[in-house]
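Pasted below: input-v9.pdb, PDB, C-alpha atoms.
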```
ATOM      1  CA  MET B   1       0.000   0.000   0.000
ATOM      2  CA  TYR B   2       1.168   3.520  -0.824
ATOM      3  CA  TYR B   3       0.226   6.922   0.510
ATOM      4  CA  SER B   4       0.515  10.569  -0.334
ATOM      5  CA  SER B   5      -0.755  13.784   1.223
ATOM      6  CA  TYR B   6      -3.328  16.059  -0.330
ATOM      7  CA  ASP B   7      -3.486  19.686   0.800
ATOM      8  CA  SER B   8      -7.121  20.765   0.527
ATOM      9  CA  PRO B   9      -8.897  23.990   1.494
ATOM     10  CA  LEU B  10     -10.192  22.013   4.496
ATOM     11  CA  GLY B  11      -6.841  20.725   5.690
ATOM     12  CA  ILE B  12      -4.394  17.936   4.951
ATOM     13  CA  TYR B  13      -5.737  14.575   3.809
ATOM     14  CA  THR B  14      -3.933  11.270   3.437
ATOM     15  CA  MET B  15      -4.662   9.248   0.298
ATOM     16  CA  ALA B  16      -3.856   5.515   0.223
ATOM     17  CA  ALA B  17      -3.745   3.211  -2.793
ATOM     18  CA  ASP B  18      -2.378  -0.029  -4.091
ATOM     19  CA  GLU B  19      -1.225  -0.527  -7.695
ATOM     20  CA  LYS B  20      -4.796  -0.546  -9.051
ATOM     21  CA  HIS B  21      -7.198   1.190  -6.656
ATOM     22  CA  LEU B  22      -7.706   4.129  -4.355
ATOM     23  CA  LEU B  23      -8.285   2.557  -0.940
ATOM     24  CA  GLY B  24      -8.665   5.515   1.383
ATOM     25  CA  LEU B  25      -8.880   9.264   1.826
ATOM     26  CA  TRP B  26      -8.815  10.565   5.385
ATOM     27  CA  LYS B  27      -8.461  13.974   6.945
ATOM     28  CA  ILE B  28      -5.381  13.829   9.170
ATOM     29  CA  ASP B  29      -7.302  14.525  12.383
ATOM     30  CA  GLN B  30     -10.483  12.615  11.597
ATOM     31  CA  LYS B  31     -11.961   9.892  13.746
ATOM     32  CA  TYR B  32     -10.754   6.367  12.871
ATOM     33  CA  TYR B  33      -7.743   7.747  10.942
ATOM     34  CA  ASP B  34      -5.197   5.719  12.916
ATOM     35  CA  GLN B  35      -7.251   2.527  12.574
ATOM     36  CA  ALA B  36      -7.490   2.850   8.820
ATOM     37  CA  LEU B  37      -3.820   2.854   7.868
ATOM     38  CA  PRO B  38      -1.705  -0.299   8.066
ATOM     39  CA  SER B  39       1.650  -0.123   9.804
ATOM     40  CA  LEU B  40       3.554  -0.994   6.613
ATOM     41  CA  ILE B  41       2.737   1.707   4.098
ATOM     42  CA  ILE B  42       5.154   3.424   1.707
ATOM     43  CA  LYS B  43       5.106   7.131   0.834
ATOM     44  CA  ASP B  44       4.877   7.528  -2.942
ATOM     45  CA  ASP B  45       3.990  10.940  -4.374
ATOM     46  CA  LYS B  46       4.347   9.577  -7.920
ATOM     47  CA  ASN B  47       1.880   6.667  -7.654
ATOM     48  CA  SER B  48      -0.435   7.066 -10.660
ATOM     49  CA  ILE B  49      -3.615   6.241  -8.698
ATOM     50  CA  LEU B  50      -2.748   8.802  -6.021
ATOM     51  CA  THR B  51      -1.806  11.423  -8.622
ATOM     52  CA  TYR B  52      -5.063  10.908 -10.521
ATOM     53  CA  SER B  53      -7.079  10.979  -7.276
ATOM     54  CA  GLY B  54      -5.404  14.282  -6.359
ATOM     55  CA  GLN B  55      -6.437  15.684  -9.749
ATOM     56  CA  TRP B  56     -10.010  14.514  -9.107
ATOM     57  CA  LEU B  57      -9.968  16.337  -5.765
ATOM     58  CA  ASP B  58      -8.538  19.454  -7.440
ATOM     59  CA  GLU B  59     -11.547  19.475  -9.771
ATOM     60  CA  TYR B  60     -13.915  18.978  -6.854
ATOM     61  CA  PHE B  61     -12.460  21.871  -4.873
ATOM     62  CA  LYS B  62     -12.560  24.122  -7.973
ATOM     63  CA  GLY B  63     -16.344  23.729  -7.786
ATOM     64  CA  ASN B  64     -16.674  21.131 -10.523
ATOM     65  CA  ARG B  65     -18.618  17.919 -10.019
ATOM     66  CA  PRO B  66     -16.373  15.069 -11.134
ATOM     67  CA  GLU B  67     -17.958  11.646 -11.464
ATOM     68  CA  ILE B  68     -17.093   9.147  -8.745
ATOM     69  CA  SER B  69     -16.997   6.453 -11.430
ATOM     70  CA  LEU B  70     -13.825   8.075 -12.854
ATOM     71  CA  LEU B  71     -11.846   6.798  -9.881
ATOM     72  CA  PRO B  72     -10.809   3.151  -9.431
ATOM     73  CA  LEU B  73     -12.118   2.680  -5.884
ATOM     74  CA  ASN B  74     -11.782  -0.308  -3.594
ATOM     75  CA  PRO B  75     -12.754   0.743  -0.078
ATOM     76  CA  MET B  76     -11.840  -1.872   2.505
ATOM     77  CA  GLY B  77     -14.687  -3.044   4.696
ATOM     78  CA  SER B  78     -17.305  -5.712   5.247
ATOM     79  CA  GLU B  79     -19.812  -6.574   2.524
ATOM     80  CA  PHE B  80     -22.498  -4.779   4.539
ATOM     81  CA  ARG B  81     -20.439  -1.587   4.721
ATOM     82  CA  LYS B  82     -19.600  -1.779   1.020
ATOM     83  CA  LYS B  83     -23.313  -1.943   0.201
ATOM     84  CA  ILE B  84     -23.964   1.141   2.324
ATOM     85  CA  TRP B  85     -21.051   2.971   0.694
ATOM     86  CA  ASN B  86     -22.442   2.074  -2.721
ATOM     87  CA  ILE B  87     -25.716   3.769  -1.773
ATOM     88  CA  LEU B  88     -23.738   6.853  -0.689
ATOM     89  CA  ARG B  89     -22.028   6.997  -4.082
ATOM     90  CA  HIS B  90     -25.399   7.785  -5.666
ATOM     91  CA  ILE B  91     -26.316  10.804  -3.523
ATOM     92  CA  PRO B  92     -26.161  13.774  -5.921
ATOM     93  CA  TYR B  93     -23.939  16.788  -5.277
ATOM     94  CA  GLY B  94     -25.665  19.378  -3.099
ATOM     95  CA  GLU B  95     -28.296  16.904  -1.893
ATOM     96  CA  THR B  96     -28.711  15.149   1.435
ATOM     97  CA  ILE B  97     -30.290  11.904   2.574
ATOM     98  CA  SER B  98     -31.127  10.708   6.068
ATOM     99  CA  TYR B  99     -29.814   7.648   7.839
ATOM    100  CA  GLY B 100     -33.418   6.430   7.966
ATOM    101  CA  GLU B 101     -33.809   6.745   4.197
ATOM    102  CA  ILE B 102     -30.593   4.795   3.685
ATOM    103  CA  SER B 103     -31.812   2.099   6.080
ATOM    104  CA  GLU B 104     -35.007   1.789   4.012
ATOM    105  CA  LEU B 105     -32.977   1.498   0.799
ATOM    106  CA  MET B 106     -30.675  -1.052   2.394
ATOM    107  CA  ALA B 107     -33.627  -3.121   3.621
ATOM    108  CA  ARG B 108     -34.854  -3.303   0.019
ATOM    109  CA  VAL B 109     -31.357  -4.274  -1.203
ATOM    110  CA  LEU B 110     -31.206  -7.056   1.379
ATOM    111  CA  ASP B 111     -34.881  -7.975   0.842
ATOM    112  CA  ILE B 112     -35.714  -7.649   4.525
ATOM    113  CA  LYS B 113     -38.517  -5.858   6.328
ATOM    114  CA  SER B 114     -36.420  -3.198   8.060
ATOM    115  CA  MET B 115     -32.866  -2.111   8.800
ATOM    116  CA  SER B 116     -31.509  -0.282  11.838
ATOM    117  CA  ALA B 117     -30.541   3.342  11.192
ATOM    118  CA  GLN B 118     -27.834   2.855  13.846
ATOM    119  CA  ALA B 119     -26.267   0.022  11.810
ATOM    120  CA  VAL B 120     -26.299   2.320   8.793
ATOM    121  CA  GLY B 121     -24.720   5.086  10.896
ATOM    122  CA  GLY B 122     -21.867   2.788  11.898
ATOM    123  CA  ALA B 123     -21.129   1.946   8.267
ATOM    124  CA  VAL B 124     -21.381   5.586   7.177
ATOM    125  CA  GLY B 125     -19.057   6.658   9.981
ATOM    126  CA  HIS B 126     -16.370   4.169   8.921
ATOM    127  CA  ASN B 127     -16.338   5.225   5.270
ATOM    128  CA  PRO B 128     -12.651   5.133   4.266
ATOM    129  CA  LEU B 129     -13.072   7.447   1.260
ATOM    130  CA  SER B 130     -14.395  10.678   2.714
ATOM    131  CA  ILE B 131     -15.442  13.369   0.239
ATOM    132  CA  ILE B 132     -15.305  10.897  -2.688
ATOM    133  CA  ILE B 133     -17.887   8.536  -1.190
ATOM    134  CA  PRO B 134     -20.006  11.398   0.123
ATOM    135  CA  CYS B 135     -20.852  10.474   3.708
ATOM    136  CA  HIS B 136     -21.005  14.223   4.429
ATOM    137  CA  ARG B 137     -24.332  14.235   2.557
ATOM    138  CA  VAL B 138     -25.971  12.022   5.198
ATOM    139  CA  VAL B 139     -27.995  13.814   7.863
ATOM    140  CA  GLY B 140     -30.209  12.841  10.745
ATOM    141  CA  LYS B 141     -33.956  12.746  10.850
ATOM    142  CA  ASN B 142     -35.610  15.995   9.735
ATOM    143  CA  GLY B 143     -32.258  17.519   8.668
ATOM    144  CA  GLY B 144     -30.462  17.296  11.992
ATOM    145  CA  LEU B 145     -26.692  17.419  11.577
ATOM    146  CA  THR B 146     -25.070  14.608  13.455
ATOM    147  CA  GLY B 147     -21.479  13.512  13.764
ATOM    148  CA  TYR B 148     -19.003  13.269  10.937
ATOM    149  CA  ALA B 149     -15.626  11.535  11.280
ATOM    150  CA  GLY B 150     -13.881  14.567   9.737
ATOM    151  CA  GLY B 151     -15.643  16.975  12.110
ATOM    152  CA  LEU B 152     -19.009  18.683  11.866
ATOM    153  CA  SER B 153     -17.530  21.964  10.622
ATOM    154  CA  THR B 154     -15.881  20.061   7.741
ATOM    155  CA  LYS B 155     -19.217  18.420   6.925
ATOM    156  CA  VAL B 156     -20.959  21.801   6.803
ATOM    157  CA  ARG B 157     -18.183  23.333   4.683
ATOM    158  CA  LEU B 158     -18.416  20.448   2.190
ATOM    159  CA  LEU B 159     -22.195  20.786   1.946
ATOM    160  CA  LYS B 160     -21.886  24.544   1.515
ATOM    161  CA  HIS B 161     -19.181  24.056  -1.144
ATOM    162  CA  GLU B 162     -21.568  21.789  -3.058
ATOM    163  CA  GLY B 163     -24.407  24.291  -2.881
ATOM    164  CA  ALA B 164     -26.616  22.328  -0.479
ATOM    165  CA  ASP B 165     -29.527  24.222   1.034
ATOM    166  CA  LEU B 166     -28.305  24.671   4.618
ATOM    167  CA  SER B 167     -31.577  26.345   5.630
ATOM    168  CA  LYS B 168     -33.111  22.858   5.858
ATOM    169  CA  LEU B 169     -30.365  21.635   8.199
ATOM    170  CA  PHE B 170     -29.831  22.277  11.873
ATOM    171  CA  VAL B 171     -27.661  21.416  14.828
ATOM    172  CA  PRO B 172     -29.612  20.817  18.023
ATOM    173  CA  MET B 173     -29.162  23.780  20.386
ATOM    174  CA  LYS B 174     -27.836  21.405  23.073
ATOM    175  CA  SER B 175     -24.998  20.377  20.773
ATOM    176  CA  PRO B 176     -21.527  21.831  21.399
ATOM    177  CA  PHE B 177     -21.397  22.488  17.632
ATOM    178  CA  TYR B 178     -24.445  24.796  17.584
ATOM    179  CA  ASP B 179     -22.546  28.118  17.629
ATOM    180  CA  ASP B 180     -20.008  26.897  15.057
ATOM    181  CA  PHE B 181     -22.806  25.828  12.704
ATOM    182  CA  GLU B 182     -24.556  29.186  12.930
ATOM    183  CA  LYS B 183     -21.261  30.965  12.096
ATOM    184  CA  LEU B 184     -20.571  28.662   9.139
ATOM    185  CA  LYS B 185     -24.111  29.008   7.843
ATOM    186  CA  LEU B 186     -23.900  32.778   7.792
ATOM    187  CA  GLY B 187     -20.273  33.011   6.649
TER
END
```
As structure tokens, what does this structure read like?
Amino acid sequence: MYYSSYDSPLGIYTMAADEKHLLGLWKIDQKYYDQALPSLIIKDDKNSILTYSGQWLDEYFKGNRPEISLLPLNPMGSEFRKKIWNILRHIPYGETISYGEISELMARVLDIKSMSAQAVGGAVGHNPLSIIIPCHRVVGKNGGLTGYAGGLSTKVRLLKHEGADLSKLFVPMKSPFYDDFEKLKLG
């Protein structure tokens, strides 16, 4: 496995790949970052997958909407998590979906009566390809902003960057992120 850094407007990210696929993209300080990287990984700023993925991110941060299908992705996780991440790949730019809606979609995929939104939340939270597999587009019931492994302010900035309607979203007043959200929304 190889890695390289990507300097984004939101901070430094680590990209990881093998010879054929992009395996991960994590913000340096995000939750689960240390768990995601193996101990034996080689820095390679010239790896073609990492270079191409950096170009994809450049386009994204310029305000373009590059297709996820352009990247050779292979996120590491259980089959259940991969199915959830596949659903996330289809959330359009600037749109949001709730954990409950994903659990309903997943129940149909699995041909079962219902699926726990908490199980979906666990899979969403462990997405190893943040930004690219857009877990930042997942919100709580009725538009409530809940946790994001890269930090709630990063989630809001990504949604704002994509042109999402933040007026439909909220942070509960009891949340320690309430004041930060109000500043980001207005800024």
- [ ] Using only C-alpha atoms, find the one residue out of B:Pro92, B:Ala17, B:Tyr60, B:Lys27 that sits nearest to Ile41 in chain B.
- [x] B:Ala17
Open item on the list: Env of Val139 in chain B: 9 Å cut, atoms = only C-alpha atoms, seq-sep filter 4 positions within chain, self excluded. Answer as number ranges by chain.
Closed with: B: 96-99, 135, 143-147, 169
Task: Polymer residues at most 8 Å from Ser4 in chain B, only C-alpha atoms, same-chain spacing of 3 or more positions, as a count of residues only - done: 7
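As for CA of Leu25 in chain B and CA of Pro72 in chain B, they are spaced 13.0 Å apart.
CA of Ala119 in chain B is found 26.8 Å from CA of Glu162 in chain B.
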Task: 10 Å contact set for Ala164 in chain B, all atoms listed in the file, chain neighbours under 6 positions out, as a ChimeraX atom specification - done: /B:93-96,137,156-158
- [ ] Name the residues in contact with Pro9 in chain B at a cut-off of 8 Å, using all atoms listed in the file, excluding same-chain residues fewer than 2 positions from it; report them as a list in words.
- [x] Asp7, Gly11 and Phe61 of chain B
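Picture a line from CA of Tyr13 in chain B to CA of Ser130 in chain B; it runs 9.6 Å.
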Open item on the list: Report as an MDAnalysis selection string all protein, DNA and RNA residues lying within 9 Å of Glu19 in chain B, evaluated on only C-alpha atoms, omitting residues in the same chain fewer than 6 positions from it.
Closed with: chainID B and resid 1:2 47:49
Open item on the list: Counting all atoms listed in the file, which residue out of B:Gly150, B:Gly163, B:Pro75, B:Gly121 sits closest to Arg89 in chain B?
Closed with: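 When distances to Arg89 in chain B are compared using all atoms listed in the file, the smallest one comes from B:Pro75.
In terms of minimum interatomic distance to Lys20 in chain B, B:Leu73 ranks closest within B:His126, B:Leu73, B:Ser8, B:Lys83, counting all atoms listed in the file.
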TODO: Name the closest residue to Val109 in chain B among the candidates B:Thr154, B:Asn86, B:Ser167, B:Asn74; distances are taken between atoms, counting all atoms listed in the file.
DONE: B:Asn86
Open item on the list: From the options B:Ser53, B:Ser5, B:Ser78, B:Gln118, which residue's atoms come nearest to Ile131 in chain B, counting all atoms listed in the file?
Closed with: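 Among the listed residues, the smallest separation from Ile131 in chain B belongs to B:Ser53.
For the choices B:Ser116, B:Ile68, B:Lys168, B:Ser153, the atom-to-atom distance to Pro134 in chain B is smallest for B:Ile68 when using all atoms listed in the file.
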How big is the axis-aligned box, and where does its centre sit, when it encloses all atoms of range 95-112 of chain B listed in the file and has 4 Å added on every side, reported in Å to one decimal as AutoDock Vina command-line options?
```
--center_x -32.0 --center_y 4.5 --center_z 3.0 --size_x 15.4 --size_y 32.9 --size_z 17.9
```
